[in-house]
Amino acid sequence: MADSEHNEPRLDPVTGYKTTGHDWDGIEELNHPLPRWWLWIFYACIAWSVVYWFIFPAWPLVWSATGGLIGWNSRTAVDQEVAALETNRGPMIDRLTSTEIAAIKDDPTLLDFTRAYGSIAFKENCAPCHGAGGGGSKGYPNLIDDDWLWGGSIDNIGHTIAYGVRNDNADSRYSEMPAFGRDGLLSGAEIREVVYYVRSLADLPVPSSADLTAGAEIYARDCASCHGEAGTGDQELGAPNLTDAIWLYGSDTADMIATVTHARNSSMPAWGERLDPTTVKALTFYVHNLGGGD
């Protein structure tokens with residue numbers, strides 16, 4: 001492309017506009033100004049931006065910013081909306097606070113409110129681990145089945161939510177499975193044999209070469225004190241049932257070997273330290289009514 005040349009402006013016979021005198025390989029630039037309406041809108045936007053600059057918070061200061069002439073900002077707007085919400089639902093919160101959790105179901109209006117309030121609390125605090133519907137995932141318990149390590153009664157669920165699992169709270173649920181392989185308590189061969197025996201308790205497939213007698217002896221010596229002689233678990237200890245089809249970390253042989261070798265001692269926050277008692281009550285009621293509570 002040739003460099004532009006500057007010639008004398010002339011009248012373009014096709015459009016009727018004068019040219020600017022610039023020429024690019026024979027293509028001339030028309031001197032066609034922007035429409036007046038567009039220019040006036042553009043000028044109005046500039047003027048409004050200056051007005052906006054003074055009306056709303058905009059000018060940064062050393063430690064803050066200007067408050068604007070009308071004193072409005074998004075933070076105070078949110079605070080006002082939250083305050084209005086708390087005022088609106090205040091009477092129902094008071095009813096929920098003063099009502100025994102077992103009696104909530106007897107009040108249809110309070111029942112609907114508690115379910116809705118508990119659902120919001122669950123989505124904000126519990127869903128990231130347990131899923132939006134409470135179905136859980138690998139390593140995170142399913143809350144809609146009937147398998148509960150520390151019991152599925154409404155009181156047991158409330159305690160677990162309020163104080164959590166394996167944390168620093170003095171009333172936290174606590175159980176600890178030894179890392180039999182990592183800590184040298186069992187050899188690799190012994191771990192495999194006891195895993196095959198546990199799989200047999202749950203009617204899971206085991207290889208024909210498995211020595212179930214040896215596995216049973218290892219189980220009786222190292223596992224039965226928590227999981228029970230028949231493998232049905234103990235809710236007082238938080239020891240899971242090994243005879244059902246529910247496996248928190250997977251029922252594949254490799255997953256079970258990893259569990260016995262390294263142990264699985266996950267934790268859960270003590271929500272009573274983060275949420276107010278009424279919210280914990282609504283959350284307890286909601287979780288209990290997901291379908292898996294006793």
# chains A, B, ... in the order shown; residues from 1 in each chain; ligands from 1
call {"tool": "residues_around", "arguments": {"residues": "region 134-140 of chain A", "least_positions_apart": "6", "cutoff": "7 Å", "atoms": "only C-alpha atoms", "output": "ChimeraX atom specification"}}
result
/A:127,248-250
call {"tool": "closest_atom_pairs", "arguments": {"of": "region 159-194 of chain A", "to": "region 256-274 of chain A", "cutoff": "8 Å", "atoms": "only C-alpha atoms", "output": "CSV"}}
result
residue,atom,partner,partner_atom,distance
A:Thr160,CA,A:Ala270,CA,7.9
A:Ile161,CA,A:Trp271,CA,5.8
A:Ala162,CA,A:Gly272,CA,4.2
A:Tyr163,CA,A:Ala270,CA,4.1
A:Gly164,CA,A:Ala270,CA,4.0
A:Val165,CA,A:Met268,CA,4.7
A:Arg166,CA,A:Ser267,CA,5.0
A:Asn167,CA,A:Ser267,CA,6.3
A:Asn169,CA,A:Ala270,CA,6.9
A:Ser172,CA,A:Ala270,CA,7.2
A:Ser175,CA,A:Asn265,CA,7.9
A:Glu176,CA,A:Asn265,CA,6.2
A:Met177,CA,A:Ala263,CA,5.7
A:Pro178,CA,A:Ala263,CA,6.0
A:Ala179,CA,A:His262,CA,4.5
A:Phe180,CA,A:Thr261,CA,5.1
A:Gly181,CA,A:Thr261,CA,4.0
A:Arg182,CA,A:His262,CA,5.6
A:Ile191,CA,A:Ile257,CA,6.6
A:Arg192,CA,A:Ile257,CA,6.6
call {"tool": "residues_around", "arguments": {"residues": "Val287 (chain A)", "least_positions_apart": "3", "cutoff": "9 Å", "atoms": "only C-alpha atoms", "output": "list in words"}}
result
Gly118, Ser119, Phe122, Gly134, Leu143, Ile144, Ile154, Ile157, Ala282, Leu283, Thr284, Leu290, Gly291, Gly292 and Gly293 of chain A
call {"tool": "closest_residue", "arguments": {"among": "A:Ala239, A:Ala245, A:Val78, A:Cys126", "to": "Ala224 (chain A)", "atoms": "only C-alpha atoms"}}
result
A:Ala239
call {"tool": "select_by_dssp", "arguments": {"residues": "region 24-173 of chain A", "states": "strand (DSSP E or B)", "output": "ChimeraX atom specification"}}
result
/A:24,27-30,60,65,137,140,165,173
call {"tool": "atom_distance", "arguments": {"atom1": "CA of Glu236 (chain A)", "atom2": "CA of Pro277 (chain A)"}}
result
24.6 Å
call {"tool": "residues_around", "arguments": {"residues": "region 30-37 of chain A", "least_positions_apart": "6", "cutoff": "12 Å", "atoms": "only C-alpha atoms", "output": "list in words"}}
result
Pro9, Arg10, Leu11, Asp12, Pro13, Val14, Thr15, Gly16, Tyr17, Lys18, Thr19, Thr20, Gly21, His22, Asp23, Trp24, Tyr43 and Ala44 of chain A
call {"tool": "atom_distance", "arguments": {"atom1": "CA of Phe113 (chain A)", "atom2": "CA of Pro141 (chain A)"}}
result
26.0 Å
call {"tool": "residues_around", "arguments": {"residues": "Gly228 (chain A)", "least_positions_apart": "4", "cutoff": "12 Å", "atoms": "only C-alpha atoms", "output": "tab-separated table (two decimals) with all heavy atoms, in the first residue's frame"}}
result
chain	number	residue	atom	x	y	z
A	198	VAL	N	-13.25	-58.21	54.94
A	198	VAL	CA	-14.28	-57.18	55.08
A	198	VAL	C	-15.17	-57.15	53.85
A	198	VAL	O	-16.40	-57.00	53.95
A	198	VAL	CB	-13.63	-55.80	55.32
A	198	VAL	CG1	-14.67	-54.69	55.23
A	198	VAL	CG2	-12.95	-55.77	56.69
A	201	LEU	N	-17.75	-59.71	54.16
A	201	LEU	CA	-18.83	-59.34	55.07
A	201	LEU	C	-19.90	-58.52	54.36
A	201	LEU	O	-21.09	-58.59	54.71
A	201	LEU	CB	-18.27	-58.53	56.25
A	201	LEU	CG	-17.34	-59.24	57.23
A	201	LEU	CD1	-16.85	-58.25	58.29
A	201	LEU	CD2	-18.05	-60.42	57.88
A	219	TYR	N	-8.93	-59.33	61.49
A	219	TYR	CA	-10.07	-58.47	61.79
A	219	TYR	C	-10.43	-58.57	63.27
A	219	TYR	O	-10.64	-57.54	63.94
A	219	TYR	CB	-11.27	-58.86	60.92
A	219	TYR	CG	-12.51	-58.05	61.23
A	219	TYR	CD1	-12.74	-56.85	60.59
A	219	TYR	CD2	-13.41	-58.46	62.21
A	219	TYR	CE1	-13.85	-56.09	60.89
A	219	TYR	CE2	-14.53	-57.70	62.52
A	219	TYR	CZ	-14.75	-56.52	61.86
A	219	TYR	OH	-15.85	-55.76	62.17
A	220	ALA	N	-10.51	-59.77	63.80
A	220	ALA	CA	-10.88	-59.96	65.20
A	220	ALA	C	-9.87	-59.31	66.14
A	220	ALA	O	-10.23	-58.77	67.19
A	220	ALA	CB	-10.99	-61.46	65.50
A	221	ARG	N	-8.62	-59.31	65.74
A	221	ARG	CA	-7.56	-58.76	66.59
A	221	ARG	C	-7.49	-57.24	66.52
A	221	ARG	O	-7.27	-56.58	67.54
A	221	ARG	CB	-6.21	-59.36	66.16
A	221	ARG	CG	-5.03	-58.93	67.03
A	221	ARG	CD	-3.74	-59.45	66.43
A	221	ARG	NE	-3.41	-58.76	65.19
A	221	ARG	CZ	-2.81	-59.34	64.15
A	221	ARG	NH1	-2.52	-60.63	64.18
A	221	ARG	NH2	-2.52	-58.64	63.06
A	222	ASP	N	-7.67	-56.65	65.31
A	222	ASP	CA	-7.39	-55.23	65.11
A	222	ASP	C	-8.60	-54.36	64.79
A	222	ASP	O	-8.51	-53.13	64.91
A	222	ASP	CB	-6.37	-55.06	63.97
A	222	ASP	CG	-5.04	-55.70	64.29
A	222	ASP	OD1	-4.39	-55.22	65.23
A	222	ASP	OD2	-4.66	-56.66	63.60
A	223	CYS	N	-9.72	-54.96	64.39
A	223	CYS	CA	-10.84	-54.15	63.90
A	223	CYS	C	-12.14	-54.32	64.68
A	223	CYS	O	-12.95	-53.39	64.76
A	223	CYS	CB	-11.13	-54.48	62.43
A	223	CYS	SG	-9.66	-54.51	61.37
A	224	ALA	N	-12.34	-55.50	65.24
A	224	ALA	CA	-13.62	-55.81	65.87
A	224	ALA	C	-13.92	-54.93	67.07
A	224	ALA	O	-15.09	-54.70	67.39
A	224	ALA	CB	-13.65	-57.29	66.28
A	232	THR	N	-20.86	-54.71	62.03
A	232	THR	CA	-22.03	-53.82	61.88
A	232	THR	C	-21.80	-52.43	62.44
A	232	THR	O	-22.71	-51.60	62.42
A	232	THR	CB	-23.25	-54.45	62.57
A	232	THR	OG1	-22.92	-54.78	63.93
A	232	THR	CG2	-23.69	-55.72	61.84
A	233	GLY	N	-20.63	-52.14	62.96
A	233	GLY	CA	-20.29	-50.81	63.41
A	233	GLY	C	-20.80	-50.49	64.80
A	233	GLY	O	-21.46	-51.29	65.45
A	234	ASP	N	-20.49	-49.26	65.26
A	234	ASP	CA	-20.90	-48.82	66.59
A	234	ASP	C	-21.06	-47.31	66.55
A	234	ASP	O	-20.10	-46.57	66.42
A	234	ASP	CB	-19.84	-49.21	67.62
A	234	ASP	CG	-20.29	-48.93	69.06
A	234	ASP	OD1	-21.22	-48.12	69.24
A	234	ASP	OD2	-19.68	-49.49	69.99
A	235	GLN	N	-22.31	-46.83	66.65
A	235	GLN	CA	-22.57	-45.40	66.58
A	235	GLN	C	-22.03	-44.64	67.78
A	235	GLN	O	-21.77	-43.44	67.69
A	235	GLN	CB	-24.08	-45.14	66.43
A	235	GLN	CG	-24.63	-45.59	65.08
A	235	GLN	CD	-26.10	-45.27	64.91
A	235	GLN	OE1	-26.79	-44.93	65.87
A	235	GLN	NE2	-26.60	-45.38	63.69
A	236	GLU	N	-21.86	-45.31	68.90
A	236	GLU	CA	-21.27	-44.64	70.06
A	236	GLU	C	-19.83	-44.23	69.79
A	236	GLU	O	-19.34	-43.24	70.32
A	236	GLU	CB	-21.33	-45.57	71.28
A	236	GLU	CG	-22.73	-45.83	71.80
A	236	GLU	CD	-23.36	-44.57	72.38
A	236	GLU	OE1	-22.61	-43.76	72.96
A	236	GLU	OE2	-24.58	-44.39	72.24
A	237	LEU	N	-19.16	-45.01	68.95
A	237	LEU	CA	-17.77	-44.75	68.62
A	237	LEU	C	-17.60	-44.04	67.28
A	237	LEU	O	-16.50	-43.63	66.92
A	237	LEU	CB	-16.97	-46.05	68.61
A	237	LEU	CG	-16.96	-46.87	69.90
A	237	LEU	CD1	-16.22	-48.19	69.68
A	237	LEU	CD2	-16.32	-46.09	71.03
A	238	GLY	N	-18.69	-43.94	66.53
A	238	GLY	CA	-18.58	-43.38	65.18
A	238	GLY	C	-17.92	-44.33	64.22
A	238	GLY	O	-17.34	-43.90	63.20
A	239	ALA	N	-18.01	-45.64	64.51
A	239	ALA	CA	-17.40	-46.65	63.65
A	239	ALA	C	-18.42	-47.12	62.62
A	239	ALA	O	-19.51	-47.56	62.98
A	239	ALA	CB	-16.92	-47.85	64.49
A	240	PRO	N	-18.12	-47.03	61.33
A	240	PRO	CA	-19.11	-47.36	60.31
A	240	PRO	C	-19.44	-48.85	60.22
A	240	PRO	O	-18.64	-49.71	60.59
A	240	PRO	CB	-18.45	-46.88	59.01
A	240	PRO	CG	-16.99	-46.84	59.32
A	240	PRO	CD	-16.86	-46.50	60.77
A	241	ASN	N	-20.62	-49.11	59.71
A	241	ASN	CA	-21.09	-50.46	59.41
A	241	ASN	C	-20.36	-50.95	58.17
A	241	ASN	O	-20.40	-50.30	57.12
A	241	ASN	CB	-22.59	-50.43	59.19
A	241	ASN	CG	-23.19	-51.80	58.98
A	241	ASN	OD1	-22.49	-52.77	58.74
A	241	ASN	ND2	-24.51	-51.88	59.07
A	242	LEU	N	-19.69	-52.09	58.27
A	242	LEU	CA	-18.92	-52.63	57.15
A	242	LEU	C	-19.68	-53.68	56.36
A	242	LEU	O	-19.13	-54.26	55.41
A	242	LEU	CB	-17.60	-53.24	57.66
A	242	LEU	CG	-16.71	-52.31	58.49
A	242	LEU	CD1	-15.47	-53.05	58.95
A	242	LEU	CD2	-16.33	-51.07	57.70
A	243	THR	N	-20.93	-53.91	56.74
A	243	THR	CA	-21.68	-54.98	56.08
A	243	THR	C	-22.71	-54.45	55.09
A	243	THR	O	-23.36	-55.24	54.40
A	243	THR	CB	-22.42	-55.84	57.12
A	243	THR	OG1	-23.42	-55.06	57.79
A	243	THR	CG2	-21.45	-56.39	58.16
call {"tool": "select_by_dssp", "arguments": {"residues": "region 7-183 of chain A", "states": "helix (DSSP H, G or I)", "output": "ChimeraX atom specification"}}
result
/A:36-55,74-98,101-106,108-125,127-130,154-163
call {"tool": "write_last_selection", "arguments": {"atoms": "C-alpha atoms", "output": "compact mmCIF listing (two decimals), in the first residue's frame"}}
result
# COMPACT_ATOMS: atom_id res chain seq x y z
CA ARG A 36 -25.42 16.00 15.19
CA TRP A 37 -27.64 13.73 17.30
CA TRP A 38 -24.69 11.41 17.97
CA LEU A 39 -22.47 14.29 19.00
CA TRP A 40 -25.08 15.71 21.38
CA ILE A 41 -25.51 12.29 23.05
CA PHE A 42 -21.75 12.01 23.36
CA TYR A 43 -21.50 15.48 24.94
CA ALA A 44 -24.39 14.64 27.28
CA CYS A 45 -22.59 11.49 28.45
CA ILE A 46 -19.49 13.52 29.22
CA ALA A 47 -21.54 16.04 31.17
CA TRP A 48 -23.33 13.27 33.09
CA SER A 49 -20.03 11.62 33.98
CA VAL A 50 -18.90 14.85 35.62
CA VAL A 51 -22.19 15.14 37.54
CA TYR A 52 -21.97 11.47 38.57
CA TRP A 53 -18.46 12.13 39.83
CA PHE A 54 -19.86 14.48 42.47
CA ILE A 55 -23.22 12.81 43.28
CA SER A 74 -23.96 0.06 47.52
CA ARG A 75 -22.85 -1.07 50.98
CA THR A 76 -25.45 0.98 52.81
CA ALA A 77 -28.05 -0.23 50.31
CA VAL A 78 -27.21 -3.85 51.11
CA ASP A 79 -27.24 -3.10 54.84
CA GLN A 80 -30.69 -1.58 54.49
CA GLU A 81 -32.00 -4.57 52.55
CA VAL A 82 -30.60 -7.00 55.11
CA ALA A 83 -32.12 -4.98 57.95
CA ALA A 84 -35.49 -4.97 56.17
CA LEU A 85 -35.28 -8.73 55.69
CA GLU A 86 -34.45 -9.30 59.36
CA THR A 87 -37.36 -7.08 60.38
CA ASN A 88 -39.71 -8.90 58.05
CA ARG A 89 -38.86 -12.38 59.24
CA GLY A 90 -38.16 -11.39 62.85
CA PRO A 91 -41.49 -12.68 64.24
CA MET A 92 -40.97 -16.08 62.62
CA ILE A 93 -37.40 -16.26 63.89
CA ASP A 94 -38.72 -15.56 67.39
CA ARG A 95 -41.28 -18.35 67.05
CA LEU A 96 -38.63 -20.75 65.81
CA THR A 97 -36.31 -19.79 68.67
CA SER A 98 -38.95 -20.42 71.32
CA ILE A 101 -37.52 -28.65 67.59
CA ALA A 102 -39.81 -31.68 67.91
CA ALA A 103 -42.87 -29.40 67.95
CA ILE A 104 -42.04 -27.52 64.72
CA LYS A 105 -43.95 -30.04 62.61
CA ASP A 106 -47.15 -29.29 64.55
CA PRO A 108 -47.75 -25.63 59.48
CA THR A 109 -46.66 -22.02 59.11
CA LEU A 110 -43.56 -22.50 61.24
CA LEU A 111 -42.85 -25.79 59.47
CA ASP A 112 -42.77 -24.08 56.05
CA PHE A 113 -40.60 -21.26 57.38
CA THR A 114 -38.14 -23.63 59.06
CA ARG A 115 -37.76 -25.71 55.92
CA ALA A 116 -37.10 -22.62 53.82
CA TYR A 117 -34.73 -21.09 56.39
CA GLY A 118 -32.89 -24.38 56.86
CA SER A 119 -32.61 -24.84 53.10
CA ILE A 120 -30.91 -21.46 52.74
CA ALA A 121 -28.52 -22.21 55.63
CA PHE A 122 -27.72 -25.59 54.08
CA LYS A 123 -26.95 -24.13 50.66
CA GLU A 124 -24.73 -21.45 52.16
CA ASN A 125 -22.78 -23.65 54.57
CA ALA A 127 -23.80 -27.79 50.09
CA PRO A 128 -20.14 -27.21 49.05
CA CYS A 129 -19.27 -30.57 50.69
CA HIS A 130 -22.53 -32.52 50.89
CA ILE A 154 -32.71 -35.28 65.41
CA ASP A 155 -30.72 -34.84 68.64
CA ASN A 156 -27.71 -36.72 67.26
CA ILE A 157 -27.78 -34.73 64.03
CA GLY A 158 -28.08 -31.50 66.00
CA HIS A 159 -25.04 -32.38 68.10
CA THR A 160 -22.98 -33.25 65.04
CA ILE A 161 -23.91 -29.99 63.30
CA ALA A 162 -23.34 -27.82 66.36
CA TYR A 163 -20.01 -29.31 67.43
call {"tool": "atom_distance", "arguments": {"atom1": "CA of Glu193 (chain A)", "atom2": "CA of Pro205 (chain A)"}}
result
13.2 Å
call {"tool": "closest_residue", "arguments": {"among": "A:Val195, A:Ile27, A:Ala189, A:Leu61", "to": "Asp255 (chain A)", "atoms": "only C-alpha atoms"}}
result
A:Val195
call {"tool": "closest_residue", "arguments": {"among": "A:Asn142, A:Asn73, A:Ser208, A:Asn289", "to": "Phe56 (chain A)", "atoms": "only C-alpha atoms"}}
result
A:Asn73
